[in-house]
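Presented below is the structure to which this report refers.
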Amino acid sequence: MRADVQWRLCWENELELAEHVELAEFFRKTYGPTGAFNAKPFEGS
C-alpha cells in the first residue's frame with residue numbers, strides 16, 4: 001500500500017535529514033541509473 005503524498009513548499013535547508021533521505025530514495029527509484037553520473041548524486045542521501 002502506498003503512503004499518501006503530502007506536498008509543502010520549503011527551502012532545501014529547512015528539510016530534516018529524514019526528508020532528504022526520502023527524497024534521495026524517490027529520485028533513485030524514479031530516474032534510476034541515468035546520465036553521466038549514473039544516479040550517483042542521489043546515493044548516500
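The chains in the C-alpha cells are called A, B, ... from first to last as shown; in each chain the residues are counted from 1, and the ligands are counted from 1 in the order shown.
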Quick one: everything within 12 Å of Glu19 (chain A), counting only C-alpha atoms, minus sequence neighbours fewer than 5 positions away in the same chain. Send it as a list in words.
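My reading of the contact set: Gln6, Arg8, Cys10, Glu12, Asn13, Glu14, Ala24, Glu25, Phe26 and Ser45 of chain A.
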Per DSSP on the backbone, filter region 1-35 of chain A down to the residues in helix (DSSP H, G or I) and report them as a ChimeraX atom specification.
/A:12-14,17-31
Please dump the current selection as a PDB file, in the first residue's frame; keep C-alpha atoms.
ATOM      1  CA  GLU A  12      16.098  22.802   0.988  1.00  0.00           C
ATOM      2  CA  ASN A  13      17.856  23.864   4.204  1.00  0.00           C
ATOM      3  CA  GLU A  14      14.526  23.632   6.040  1.00  0.00           C
ATOM      4  CA  LEU A  17      17.715  14.606   7.393  1.00  0.00           C
ATOM      5  CA  ALA A  18      14.917  12.015   7.112  1.00  0.00           C
ATOM      6  CA  GLU A  19      13.238  14.160   4.446  1.00  0.00           C
ATOM      7  CA  HIS A  20      16.485  14.363   2.447  1.00  0.00           C
ATOM      8  CA  VAL A  21      16.829  10.581   2.663  1.00  0.00           C
ATOM      9  CA  GLU A  22      13.237  10.103   1.499  1.00  0.00           C
ATOM     10  CA  LEU A  23      13.720  12.450  -1.458  1.00  0.00           C
ATOM     11  CA  ALA A  24      17.001  10.762  -2.428  1.00  0.00           C
ATOM     12  CA  GLU A  25      15.258   7.381  -2.434  1.00  0.00           C
ATOM     13  CA  PHE A  26      12.388   8.784  -4.503  1.00  0.00           C
ATOM     14  CA  PHE A  27      14.744  10.194  -7.158  1.00  0.00           C
ATOM     15  CA  ARG A  28      16.799   6.976  -7.257  1.00  0.00           C
ATOM     16  CA  LYS A  29      13.659   4.908  -7.834  1.00  0.00           C
ATOM     17  CA  THR A  30      12.128   7.386 -10.279  1.00  0.00           C
ATOM     18  CA  TYR A  31      15.115   8.115 -12.505  1.00  0.00           C
TER      19      TYR A  31
END
